[in-house]
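data-v9.cif (mmCIF, C-alpha atoms) appears below.
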data_protein
loop_
_atom_site.label_atom_id
_atom_site.label_comp_id
_atom_site.auth_asym_id
_atom_site.auth_seq_id
_atom_site.Cartn_x
_atom_site.Cartn_y
_atom_site.Cartn_z
CA MET A 1 0.00 0.00 0.00
CA ARG A 2 0.92 3.65 -0.36
CA ILE A 3 0.23 5.32 3.00
CA VAL A 4 0.23 9.04 3.75
CA VAL A 5 1.27 9.76 7.35
CA VAL A 6 0.36 13.32 8.34
CA GLY A 7 2.34 14.32 11.40
CA ALA A 8 5.12 11.93 10.53
CA SER A 9 7.77 13.74 12.56
CA GLY A 10 5.88 13.47 15.85
CA THR A 11 6.40 10.81 18.49
CA ILE A 12 3.51 8.68 17.30
CA GLY A 13 4.14 9.54 13.64
CA ARG A 14 7.69 8.23 13.80
CA ALA A 15 6.50 5.01 15.43
CA VAL A 16 3.80 4.57 12.76
CA VAL A 17 6.35 5.11 10.00
CA ALA A 18 8.66 2.56 11.62
CA GLU A 19 5.82 0.02 11.94
CA LEU A 20 4.05 0.42 8.58
CA GLY A 21 7.21 1.32 6.66
CA GLN A 22 8.35 -2.28 7.05
CA ARG A 23 5.64 -3.43 4.65
CA HIS A 24 4.39 -0.34 2.75
CA GLU A 25 5.46 2.78 0.93
CA ILE A 26 5.11 5.75 3.29
CA VAL A 27 4.62 9.37 2.24
CA GLU A 28 5.69 11.44 5.22
CA VAL A 29 3.80 14.72 5.60
CA GLY A 30 4.36 17.50 8.11
CA ARG A 31 3.78 21.19 8.48
CA ASN A 32 7.49 21.92 8.48
CA SER A 33 9.07 18.62 7.51
CA GLY A 34 8.47 15.58 5.34
CA LYS A 35 8.45 14.78 1.63
CA VAL A 36 5.22 16.76 1.21
CA ARG A 37 4.35 19.68 3.48
CA PHE A 38 0.96 21.14 4.25
CA ASP A 39 -0.92 22.85 7.02
CA ALA A 40 -3.86 20.62 7.98
CA THR A 41 -5.69 23.54 9.58
CA ASP A 42 -6.04 25.06 6.09
CA PRO A 43 -8.27 23.12 3.68
CA ALA A 44 -6.64 24.75 0.65
CA SER A 45 -3.23 23.66 1.92
CA ILE A 46 -4.46 20.08 2.45
CA ARG A 47 -5.85 19.98 -1.08
CA ALA A 48 -2.67 21.32 -2.65
CA GLY A 49 -0.59 18.86 -0.64
CA LEU A 50 -2.67 15.80 -1.51
CA GLU A 51 -2.56 16.74 -5.19
CA LEU A 52 1.21 16.55 -4.93
CA VAL A 53 1.05 13.17 -3.21
CA GLY A 54 -0.87 11.52 -6.07
CA THR A 55 -2.68 8.22 -5.52
CA PHE A 56 -2.67 6.54 -2.14
CA ASP A 57 -4.46 3.81 -0.21
CA ALA A 58 -4.50 5.17 3.33
CA ILE A 59 -4.13 8.32 5.35
CA VAL A 60 -2.92 8.19 8.93
CA ALA A 61 -3.24 11.41 10.95
CA THR A 62 -0.98 11.65 13.99
CA PHE A 63 -1.01 15.40 14.53
CA GLY A 64 -3.10 17.77 16.55
CA SER A 65 -2.53 20.64 18.94
CA VAL A 66 -4.79 21.58 21.82
CA LYS A 67 -4.32 24.11 24.62
CA PHE A 68 -3.51 22.61 28.00
CA ALA A 69 -4.49 25.01 30.78
CA PRO A 70 -6.55 25.04 33.97
CA LEU A 71 -10.29 25.27 33.32
CA ALA A 72 -10.23 28.60 35.19
CA GLU A 73 -8.01 30.03 32.43
CA MET A 74 -9.88 28.53 29.46
CA ASP A 75 -12.12 30.65 27.26
CA ALA A 76 -13.70 30.27 23.83
CA ALA A 77 -10.46 31.24 22.10
CA GLY A 78 -8.52 28.65 24.06
CA TYR A 79 -10.90 25.86 23.03
CA GLY A 80 -10.84 27.21 19.48
CA ILE A 81 -7.21 26.15 19.10
CA GLY A 82 -7.96 22.47 19.53
CA LEU A 83 -11.21 22.65 17.53
CA ALA A 84 -9.36 24.18 14.57
CA ASP A 85 -6.23 22.04 14.78
CA LYS A 86 -6.66 18.56 16.26
CA LEU A 87 -10.39 18.25 15.50
CA MET A 88 -11.12 20.04 12.22
CA GLY A 89 -7.58 19.51 10.95
CA GLN A 90 -8.12 15.74 11.05
CA VAL A 91 -11.75 16.01 9.89
CA ASN A 92 -10.78 18.20 6.94
CA LEU A 93 -8.08 15.72 6.03
CA VAL A 94 -10.81 13.09 5.65
CA LEU A 95 -13.29 15.40 3.89
CA ILE A 96 -10.69 16.40 1.30
CA GLY A 97 -8.75 13.14 1.31
CA ARG A 98 -11.87 11.18 0.27
CA GLU A 99 -11.61 12.85 -3.13
CA PHE A 100 -8.11 11.44 -3.66
CA ILE A 101 -7.99 8.11 -1.83
CA ALA A 102 -8.23 4.79 -3.70
CA ASP A 103 -11.35 2.59 -3.47
CA GLY A 104 -11.30 0.53 -0.30
CA GLY A 105 -8.83 2.92 1.31
CA SER A 106 -8.74 3.85 4.97
CA PHE A 107 -8.44 6.86 7.21
CA THR A 108 -6.98 6.50 10.71
CA LEU A 109 -7.25 9.44 13.08
CA THR A 110 -5.85 10.03 16.55
CA SER A 111 -7.80 10.93 19.70
CA GLY A 112 -6.42 10.20 23.19
CA ILE A 113 -7.25 8.82 26.61
CA LEU A 114 -8.49 12.17 27.97
CA SER A 115 -11.77 11.59 26.12
CA ARG A 116 -12.76 9.17 28.88
CA ASP A 117 -10.19 9.62 31.64
CA PRO A 118 -9.78 13.39 32.15
CA VAL A 119 -7.01 15.19 34.03
CA ALA A 120 -6.83 18.74 35.37
CA GLY A 121 -5.80 21.12 32.61
CA GLY A 122 -6.87 18.79 29.84
CA SER A 123 -10.46 19.86 29.22
CA SER A 124 -9.76 20.97 25.64
CA ALA A 125 -8.10 17.64 24.84
CA SER A 126 -11.09 15.84 26.36
CA MET A 127 -13.50 17.88 24.22
CA VAL A 128 -11.59 17.31 21.00
CA ASN A 129 -10.90 13.63 21.60
CA GLY A 130 -14.56 12.98 22.41
CA ALA A 131 -15.59 14.79 19.24
CA LEU A 132 -13.18 12.78 17.10
CA GLU A 133 -14.22 9.41 18.51
CA ALA A 134 -17.92 10.08 18.01
CA TRP A 135 -17.39 11.57 14.55
CA VAL A 136 -15.34 8.62 13.30
CA GLN A 137 -18.13 6.24 14.29
CA ALA A 138 -20.65 8.40 12.44
CA ALA A 139 -18.53 9.02 9.34
CA ALA A 140 -17.84 5.30 8.94
CA ILE A 141 -21.45 4.51 8.10
CA GLU A 142 -21.57 7.07 5.28
CA LEU A 143 -18.23 6.73 3.51
CA PRO A 144 -18.59 5.51 -0.11
CA ARG A 145 -16.46 3.11 -2.21
CA GLY A 146 -15.62 0.75 0.62
CA LEU A 147 -13.65 3.46 2.39
CA ARG A 148 -13.00 2.82 6.07
CA ILE A 149 -12.26 5.08 9.02
CA ASN A 150 -11.04 4.38 12.54
CA CYS A 151 -9.55 6.28 15.43
CA VAL A 152 -6.65 5.31 17.65
CA CYS A 153 -7.01 6.43 21.27
CA PRO A 154 -3.55 6.29 22.84
CA GLY A 155 -2.85 6.57 26.51
CA LEU A 156 -0.06 8.69 27.95
CA LEU A 157 3.05 7.90 25.90
CA GLU A 158 6.22 6.78 27.63
CA GLU A 159 8.06 9.47 25.68
CA THR A 160 5.62 12.15 26.90
CA ALA A 161 5.55 10.87 30.46
CA VAL A 162 9.17 11.89 30.91
CA SER A 163 8.16 15.56 30.76
CA PHE A 164 4.44 15.60 31.54
CA GLY A 165 3.76 12.49 33.59
CA ALA A 166 3.08 14.56 36.71
CA PHE A 167 -0.01 15.99 35.02
CA PHE A 168 -1.37 12.46 34.52
CA PRO A 169 -1.45 10.99 38.03
CA GLY A 170 -1.87 7.23 38.00
CA HIS A 171 -1.76 6.91 34.24
CA VAL A 172 0.31 3.96 33.07
CA PRO A 173 2.42 5.06 30.08
CA VAL A 174 2.40 3.04 26.87
CA SER A 175 5.17 2.82 24.32
CA SER A 176 4.68 4.54 20.96
CA ALA A 177 5.72 1.24 19.33
CA ARG A 178 2.72 -0.46 20.95
CA VAL A 179 0.44 2.42 19.94
CA ALA A 180 1.70 2.07 16.36
CA LYS A 181 0.30 -1.48 16.24
CA ALA A 182 -3.21 -0.04 16.50
CA TYR A 183 -2.61 2.02 13.37
CA ALA A 184 -1.49 -1.17 11.60
CA LYS A 185 -4.70 -2.85 12.78
CA SER A 186 -6.71 -0.02 11.29
CA VAL A 187 -4.82 0.25 7.99
CA GLU A 188 -4.11 -3.42 7.31
CA GLY A 189 -7.27 -4.86 8.90
CA ARG A 190 -10.84 -4.60 7.73
CA LEU A 191 -12.60 -2.89 10.63
CA THR A 192 -14.31 0.47 10.31
CA GLY A 193 -16.00 2.89 12.70
CA ARG A 194 -13.87 1.68 15.62
CA VAL A 195 -11.94 3.39 18.36
CA PHE A 196 -8.80 1.38 19.18
CA GLU A 197 -7.81 2.06 22.77
CA VAL A 198 -4.15 1.57 23.61
CA PHE A 199 -3.62 2.17 27.32
CA MET B 1 -33.72 27.03 43.85
CA ARG B 2 -33.59 29.66 41.14
CA ILE B 3 -32.92 27.85 37.86
CA VAL B 4 -32.05 29.42 34.51
CA VAL B 5 -33.30 27.33 31.58
CA VAL B 6 -31.65 28.38 28.32
CA GLY B 7 -33.65 27.12 25.38
CA ALA B 8 -36.85 27.13 27.44
CA SER B 9 -39.18 27.28 24.43
CA GLY B 10 -37.86 24.11 22.82
CA THR B 11 -39.37 20.65 23.19
CA ILE B 12 -36.99 19.59 25.95
CA GLY B 13 -36.92 23.08 27.47
CA ARG B 14 -40.68 23.13 27.95
CA ALA B 15 -40.57 19.69 29.56
CA VAL B 16 -37.78 20.80 31.90
CA VAL B 17 -39.72 23.91 32.89
CA ALA B 18 -42.81 21.76 33.56
CA GLU B 19 -40.78 19.33 35.69
CA LEU B 20 -38.56 21.70 37.67
CA GLY B 21 -41.10 24.51 37.76
CA GLN B 22 -43.19 22.44 40.18
CA ARG B 23 -40.56 22.91 42.89
CA HIS B 24 -38.36 25.84 41.85
CA GLU B 25 -38.32 29.33 40.42
CA ILE B 26 -37.51 29.13 36.71
CA VAL B 27 -35.98 31.93 34.63
CA GLU B 28 -36.83 31.09 31.05
CA VAL B 29 -34.23 32.20 28.50
CA GLY B 30 -34.36 32.03 24.72
CA ARG B 31 -32.89 33.72 21.70
CA ASN B 32 -36.27 35.09 20.66
CA SER B 33 -38.50 34.35 23.63
CA GLY B 34 -38.44 34.12 27.41
CA LYS B 35 -38.15 36.50 30.34
CA VAL B 36 -34.50 37.15 29.49
CA ARG B 37 -33.19 36.85 25.92
CA PHE B 38 -29.65 36.22 24.75
CA ASP B 39 -27.76 34.57 21.94
CA ALA B 40 -25.66 31.80 23.45
CA THR B 41 -23.35 31.76 20.43
CA ASP B 42 -22.18 35.24 21.47
CA PRO B 43 -20.24 35.40 24.77
CA ALA B 44 -21.00 39.13 25.17
CA SER B 45 -24.71 38.40 24.79
CA ILE B 46 -24.53 35.60 27.39
CA ARG B 47 -22.78 37.91 29.84
CA ALA B 48 -25.28 40.73 29.36
CA GLY B 49 -28.15 38.28 29.75
CA LEU B 50 -26.84 36.65 32.93
CA GLU B 51 -26.24 40.07 34.47
CA LEU B 52 -29.95 40.73 33.97
CA VAL B 53 -30.88 37.39 35.55
CA GLY B 54 -29.12 38.16 38.81
CA THR B 55 -28.29 35.37 41.24
CA PHE B 56 -29.20 31.78 40.46
CA ASP B 57 -28.41 28.25 41.60
CA ALA B 58 -28.48 26.29 38.36
CA ILE B 59 -28.26 26.65 34.62
CA VAL B 60 -29.92 24.10 32.36
CA ALA B 61 -29.03 24.33 28.64
CA THR B 62 -31.50 22.70 26.27
CA PHE B 63 -30.57 24.46 23.04
CA GLY B 64 -28.22 23.70 20.23
CA SER B 65 -28.32 23.67 16.45
CA VAL B 66 -26.29 21.40 14.21
CA LYS B 67 -26.44 20.83 10.49
CA PHE B 68 -28.03 17.54 9.44
CA ALA B 69 -26.83 16.54 5.97
CA PRO B 70 -25.24 13.55 4.25
CA LEU B 71 -21.52 13.21 4.93
CA ALA B 72 -20.96 13.72 1.20
CA GLU B 73 -22.35 17.25 1.53
CA MET B 74 -20.58 18.18 4.76
CA ASP B 75 -17.62 20.54 4.77
CA ALA B 76 -15.75 22.56 7.38
CA ALA B 77 -18.39 25.31 7.31
CA GLY B 78 -21.18 22.78 7.84
CA TYR B 79 -19.47 21.36 10.94
CA GLY B 80 -18.74 24.90 12.09
CA ILE B 81 -22.44 25.52 12.70
CA GLY B 82 -22.71 22.85 15.37
CA LEU B 83 -19.32 23.66 16.88
CA ALA B 84 -20.31 27.33 17.31
CA ASP B 85 -23.90 26.74 18.43
CA LYS B 86 -24.57 23.47 20.26
CA LEU B 87 -20.97 22.91 21.44
CA MET B 88 -19.41 26.29 22.19
CA GLY B 89 -22.78 27.89 22.94
CA GLN B 90 -23.24 25.50 25.86
CA VAL B 91 -19.55 25.60 26.84
CA ASN B 92 -19.53 29.41 26.84
CA LEU B 93 -22.65 29.37 28.99
CA VAL B 94 -20.66 27.44 31.60
CA LEU B 95 -17.48 29.48 31.23
CA ILE B 96 -19.38 32.74 31.73
CA GLY B 97 -22.08 31.33 34.00
CA ARG B 98 -19.48 30.20 36.56
CA GLU B 99 -18.86 33.88 37.36
CA PHE B 100 -22.50 34.37 38.33
CA ILE B 101 -23.73 31.05 39.76
CA ALA B 102 -24.11 30.52 43.50
CA ASP B 103 -21.74 28.27 45.46
CA GLY B 104 -22.71 24.64 45.07
CA GLY B 105 -24.67 25.42 41.92
CA SER B 106 -24.98 23.14 38.91
CA PHE B 107 -24.75 23.23 35.15
CA THR B 108 -26.70 20.71 33.07
CA LEU B 109 -25.95 20.49 29.36
CA THR B 110 -27.58 18.51 26.56
CA SER B 111 -25.89 16.10 24.16
CA GLY B 112 -27.83 13.34 22.40
CA ILE B 113 -27.83 9.69 21.44
CA LEU B 114 -25.97 10.23 18.16
CA SER B 115 -22.76 10.48 20.18
CA ARG B 116 -22.77 6.69 20.47
CA ASP B 117 -25.46 5.48 18.06
CA PRO B 118 -24.96 7.37 14.79
CA VAL B 119 -27.37 7.69 11.88
CA ALA B 120 -26.80 8.76 8.29
CA GLY B 121 -26.80 12.54 8.00
CA GLY B 122 -26.04 13.06 11.67
CA SER B 123 -22.24 13.21 11.69
CA SER B 124 -22.17 16.80 12.98
CA ALA B 125 -24.52 15.92 15.84
CA SER B 126 -22.31 12.94 16.67
CA MET B 127 -19.21 15.13 16.72
CA VAL B 128 -20.77 17.80 18.92
CA ASN B 129 -22.45 15.39 21.30
CA GLY B 130 -19.23 13.42 21.76
CA ALA B 131 -17.38 16.65 22.47
CA LEU B 132 -19.95 17.78 25.04
CA GLU B 133 -19.99 14.48 26.91
CA ALA B 134 -16.21 14.29 27.17
CA TRP B 135 -15.90 17.95 28.09
CA VAL B 136 -18.46 17.75 30.89
CA GLN B 137 -16.54 14.88 32.47
CA ALA B 138 -13.33 16.93 32.26
CA ALA B 139 -14.81 20.23 33.45
CA ALA B 140 -16.39 18.55 36.47
CA ILE B 141 -13.02 17.83 38.08
CA GLU B 142 -11.89 21.45 37.87
CA LEU B 143 -14.96 23.47 38.81
CA PRO B 144 -14.45 25.47 42.03
CA ARG B 145 -16.85 26.28 44.95
CA GLY B 146 -18.65 22.93 44.88
CA LEU B 147 -20.05 23.64 41.45
CA ARG B 148 -21.30 20.59 39.58
CA ILE B 149 -21.78 19.82 35.89
CA ASN B 150 -23.58 17.00 34.10
CA CYS B 151 -24.89 16.26 30.65
CA VAL B 152 -28.20 14.72 29.64
CA CYS B 153 -28.02 12.48 26.58
CA PRO B 154 -31.57 12.08 25.28
CA GLY B 155 -32.63 9.59 22.67
CA LEU B 156 -34.94 10.43 19.78
CA LEU B 157 -37.86 12.37 21.28
CA GLU B 158 -41.41 11.20 20.67
CA GLU B 159 -42.22 14.74 19.57
CA THR B 160 -39.35 14.72 17.05
CA ALA B 161 -40.05 11.21 15.83
CA VAL B 162 -43.32 12.38 14.30
CA SER B 163 -41.39 14.36 11.69
CA PHE B 164 -37.92 12.83 11.65
CA GLY B 165 -38.32 9.25 12.85
CA ALA B 166 -37.52 7.86 9.40
CA PHE B 167 -33.98 9.21 9.74
CA PHE B 168 -33.53 7.19 12.96
CA PRO B 169 -34.29 3.60 11.94
CA GLY B 170 -34.86 1.33 14.91
CA HIS B 171 -34.56 4.08 17.48
CA VAL B 172 -37.17 3.84 20.21
CA PRO B 173 -38.51 7.33 20.95
CA VAL B 174 -38.61 8.65 24.51
CA SER B 175 -41.00 11.23 25.91
CA SER B 176 -39.66 14.66 26.73
CA ALA B 177 -41.31 14.28 30.16
CA ARG B 178 -39.07 11.27 30.86
CA VAL B 179 -36.03 13.13 29.55
CA ALA B 180 -36.88 16.02 31.88
CA LYS B 181 -36.44 13.70 34.87
CA ALA B 182 -32.74 13.41 34.05
CA TYR B 183 -32.39 17.19 34.32
CA ALA B 184 -34.05 16.99 37.73
CA LYS B 185 -31.56 14.27 38.72
CA SER B 186 -28.72 16.55 37.72
CA VAL B 187 -30.05 19.75 39.31
CA GLU B 188 -31.59 18.34 42.49
CA GLY B 189 -29.15 15.47 43.03
CA ARG B 190 -25.49 15.56 44.01
CA LEU B 191 -23.74 13.87 41.10
CA THR B 192 -21.19 15.61 38.92
CA GLY B 193 -19.25 14.74 35.77
CA ARG B 194 -21.96 12.34 34.64
CA VAL B 195 -23.72 11.70 31.36
CA PHE B 196 -27.35 10.72 32.01
CA GLU B 197 -28.57 8.59 29.12
CA VAL B 198 -32.32 8.61 28.51
CA PHE B 199 -33.16 6.23 25.67
#

Structure rendered as structure tokens:
Amino acid sequence: MRIVVVGASGTIGRAVVAELGQRHEIVEVGRNSGKVRFDATDPASIRAGLELVGTFDAIVATFGSVKFAPLAEMDAAGYGIGLADKLMGQVNLVLIGREFIADGGSFTLTSGILSRDPVAGGSSASMVNGALEAWVQAAAIELPRGLRINCVCPGLLEETAVSFGAFFPGHVPVSSARVAKAYAKSVEGRLTGRVFEVF
Amino acid sequence: MRIVVVGASGTIGRAVVAELGQRHEIVEVGRNSGKVRFDATDPASIRAGLELVGTFDAIVATFGSVKFAPLAEMDAAGYGIGLADKLMGQVNLVLIGREFIADGGSFTLTSGILSRDPVAGGSSASMVNGALEAWVQAAAIELPRGLRINCVCPGLLEETAVSFGAFFPGHVPVSSARVAKAYAKSVEGRLTGRVFEVF
């Protein structure tokens, strides 16, 4: 398969490239790095980027910024960051990517454990992750041409826990290599409309 | 208690007013009707409206528009409607309402069954409802002064099923009177960070 990994330079992106690159051709995409570069918060930029990529069989999205801050400091603008980037960035990638992807292709998005196991300061991540998980289940039943869509919901990463573990009391970190297996399950398997929890 | 019901003229809003109005003072709020009027998609309008309301012990939000359309017709602007109205309208009501609500007060928001049981054409509702349910669970752990927050997740309403039941195959409609009981559980009970399913 020819697989587009958007966010390929991130911790999860690198693990996905290492996992799926063993068996498939990977097109690494990033905002500031990768073979093709585009800004997933800008639909026109996504479209221009995917036109450069050419044909492909799968898109894996492993990017997405949200604001982490105490609820007391959060306002509409603060939530807007995550809604525009991690949520609508990934959603737009599907909405535009469906025009380019091969029949039977798959989309795999990334949410995160805060959708169901919140921590202080993470209310925007919870919001966005919950939106993504519900949307993927809804989108799956309407995609044409045998297209599939799933979402990987990783726990706190071992790599992230080094710096931010104190903000996730009691969370048991998972390796990005183990998380990457869930992306392989989505891309190489046949399931659709699923949320793969890895924590 | 003094309870502000935002969206009081809607199907659920009227049922909530009928249920809670038996035991409490209700301040009915709507965009175009009610004792106090404000546009919950506009933070300045929310603030001006709540200043008029004065002190209160609970806010119940029973409003929220989303675009219903086939996934094939949905784009970023289409999803933006629900994100601005049903999602951020309710979230902003909490963010601003927390400045005005009495100690130990409660917020009760409204999601809907499409968060976990999607139908064709409802992908925006699924997205927004999933976001609300995850956010409420996250916000609950950070609210100060004993404030509580819950979300009611109603199924297809009997009143709605008359017109739109065909879009919800196999869904068993629930009465708005039964849904209203969940708002009473949230406002008059002690739970927080919960999603009350009524379907």

Check every residue of chain A for an atom within 8 Å of chain B, counting all atoms listed in the file, and provide those that qualify as a ChimeraX atom specification.
/A:70-72,74-76,88,92,95,115-120,122-124,126-135,137-139,141-143

Reference answer for the PyMOL selection byres ((chain B and resi 26) around 6), as a list in words
Arg2, Ile3, Val4, Gly21, Glu25 and Val27 of chain B

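For the choices A:Phe100, A:Ile149, A:Val53, A:Gly193, the atom-to-atom distance to Val36 of chain A is smallest for A:Val53 when using only C-alpha atoms.
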
Could you expand the PyMOL selection byres ((chain A and resi 59) around 7) into the explicit residues it covers here, written as a VMD selection string?
chain A and resid 3 to 5 58 60 to 61 106 to 108

So the first atom is atom CA of Phe168 of chain A and the second is atom CA of Gly82 of chain A; what is the distance between them in Å, to one decimal place?
19.2 Å

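Reported to one decimal place, the separation of atom CA of Val94 of chain A from atom CA of Gly155 of chain A is 23.3 Å.
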
So that I can check the surroundings of Ser45 of chain B, please list as a PyMOL selection string every protein, DNA and RNA residue that reaches within 12 Å of it, counting all atoms listed in the file and ignoring chain neighbours fewer than 3 positions away.
chain B and resi 29-31+36-42+48-52+89+92-93+96-97

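The list of residues with at least one atom within 6 Å of Gly105 of chain A, based on only C-alpha atoms and without residues fewer than 3 positions apart in the same chain, reads Asp57, Ala58, Ala102 and Leu147 of chain A.
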
What would the file look like if the residues just selected were written as a tab-separated table (two decimals), in the frame of the given file with C-alpha atoms?
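So again.tsv came out as:
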chain	number	residue	atom	x	y	z
A	57	ASP	CA	-4.46	3.81	-0.21
A	58	ALA	CA	-4.50	5.17	3.33
A	102	ALA	CA	-8.23	4.79	-3.70
A	147	LEU	CA	-13.65	3.46	2.39

Near Ala8 of chain B, within 8 Å and counting all atoms listed in the file, which residues show up once chain neighbours fewer than 6 positions away are dropped, as a ChimeraX atom specification?
/B:14,16-17,28-30,34,62

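For the atom pair formed by atom CA of Phe56 of chain A and atom CA of Gly104 of chain A, the distance is 10.7 Å, given to one decimal.
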
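Closest approach to Glu99 of chain A among A:Ser111, A:Thr192, A:Thr55, A:Thr11 is made by A:Thr55 (distances from all atoms listed in the file).
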
Place N, CA, C and O atoms on segment 106-118 of chain A and deliver the coordinates as a PDB file, in the frame of the given file.
ATOM      1  N   SER A 106      -8.379   3.627   3.560  1.00  0.00           N
ATOM      2  CA  SER A 106      -8.740   3.850   4.970  1.00  0.00           C
ATOM      3  C   SER A 106      -8.156   5.148   5.502  1.00  0.00           C
ATOM      4  O   SER A 106      -7.101   5.604   5.059  1.00  0.00           O
ATOM      5  N   PHE A 107      -8.893   5.699   6.446  1.00  0.00           N
ATOM      6  CA  PHE A 107      -8.440   6.860   7.210  1.00  0.00           C
ATOM      7  C   PHE A 107      -8.262   6.412   8.668  1.00  0.00           C
ATOM      8  O   PHE A 107      -9.144   5.740   9.210  1.00  0.00           O
ATOM      9  N   THR A 108      -7.176   6.797   9.292  1.00  0.00           N
ATOM     10  CA  THR A 108      -6.980   6.500  10.710  1.00  0.00           C
ATOM     11  C   THR A 108      -6.594   7.778  11.429  1.00  0.00           C
ATOM     12  O   THR A 108      -5.561   8.382  11.132  1.00  0.00           O
ATOM     13  N   LEU A 109      -7.467   8.189  12.343  1.00  0.00           N
ATOM     14  CA  LEU A 109      -7.250   9.440  13.080  1.00  0.00           C
ATOM     15  C   LEU A 109      -6.748   9.133  14.492  1.00  0.00           C
ATOM     16  O   LEU A 109      -6.681   7.973  14.905  1.00  0.00           O
ATOM     17  N   THR A 110      -6.432  10.198  15.213  1.00  0.00           N
ATOM     18  CA  THR A 110      -5.850  10.030  16.550  1.00  0.00           C
ATOM     19  C   THR A 110      -6.622  10.873  17.567  1.00  0.00           C
ATOM     20  O   THR A 110      -6.742  12.093  17.417  1.00  0.00           O
ATOM     21  N   SER A 111      -7.164  10.201  18.592  1.00  0.00           N
ATOM     22  CA  SER A 111      -7.800  10.930  19.700  1.00  0.00           C
ATOM     23  C   SER A 111      -6.855  10.851  20.911  1.00  0.00           C
ATOM     24  O   SER A 111      -5.700  11.271  20.793  1.00  0.00           O
ATOM     25  N   GLY A 112      -7.287  10.311  22.023  1.00  0.00           N
ATOM     26  CA  GLY A 112      -6.420  10.200  23.190  1.00  0.00           C
ATOM     27  C   GLY A 112      -7.244   9.920  24.432  1.00  0.00           C
ATOM     28  O   GLY A 112      -8.441  10.220  24.482  1.00  0.00           O
ATOM     29  N   ILE A 113      -6.591   9.369  25.415  1.00  0.00           N
ATOM     30  CA  ILE A 113      -7.250   8.820  26.610  1.00  0.00           C
ATOM     31  C   ILE A 113      -8.067   9.865  27.376  1.00  0.00           C
ATOM     32  O   ILE A 113      -8.999   9.513  28.118  1.00  0.00           O
ATOM     33  N   LEU A 114      -7.770  11.168  27.191  1.00  0.00           N
ATOM     34  CA  LEU A 114      -8.490  12.170  27.970  1.00  0.00           C
ATOM     35  C   LEU A 114      -9.964  12.268  27.572  1.00  0.00           C
ATOM     36  O   LEU A 114     -10.758  12.894  28.269  1.00  0.00           O
ATOM     37  N   SER A 115     -10.347  11.641  26.468  1.00  0.00           N
ATOM     38  CA  SER A 115     -11.770  11.590  26.120  1.00  0.00           C
ATOM     39  C   SER A 115     -12.590  10.890  27.183  1.00  0.00           C
ATOM     40  O   SER A 115     -13.777  11.179  27.354  1.00  0.00           O
ATOM     41  N   ARG A 116     -11.991   9.933  27.887  1.00  0.00           N
ATOM     42  CA  ARG A 116     -12.760   9.170  28.880  1.00  0.00           C
ATOM     43  C   ARG A 116     -12.114   9.146  30.249  1.00  0.00           C
ATOM     44  O   ARG A 116     -12.704   8.591  31.178  1.00  0.00           O
ATOM     45  N   ASP A 117     -10.936   9.708  30.387  1.00  0.00           N
ATOM     46  CA  ASP A 117     -10.190   9.620  31.640  1.00  0.00           C
ATOM     47  C   ASP A 117      -9.496  10.970  31.847  1.00  0.00           C
ATOM     48  O   ASP A 117      -8.287  11.085  31.682  1.00  0.00           O
ATOM     49  N   PRO A 118     -10.295  12.016  32.170  1.00  0.00           N
ATOM     50  CA  PRO A 118      -9.780  13.390  32.150  1.00  0.00           C
ATOM     51  C   PRO A 118      -8.775  13.671  33.260  1.00  0.00           C
ATOM     52  O   PRO A 118      -8.772  13.016  34.306  1.00  0.00           O
TER      53      PRO A 118
END
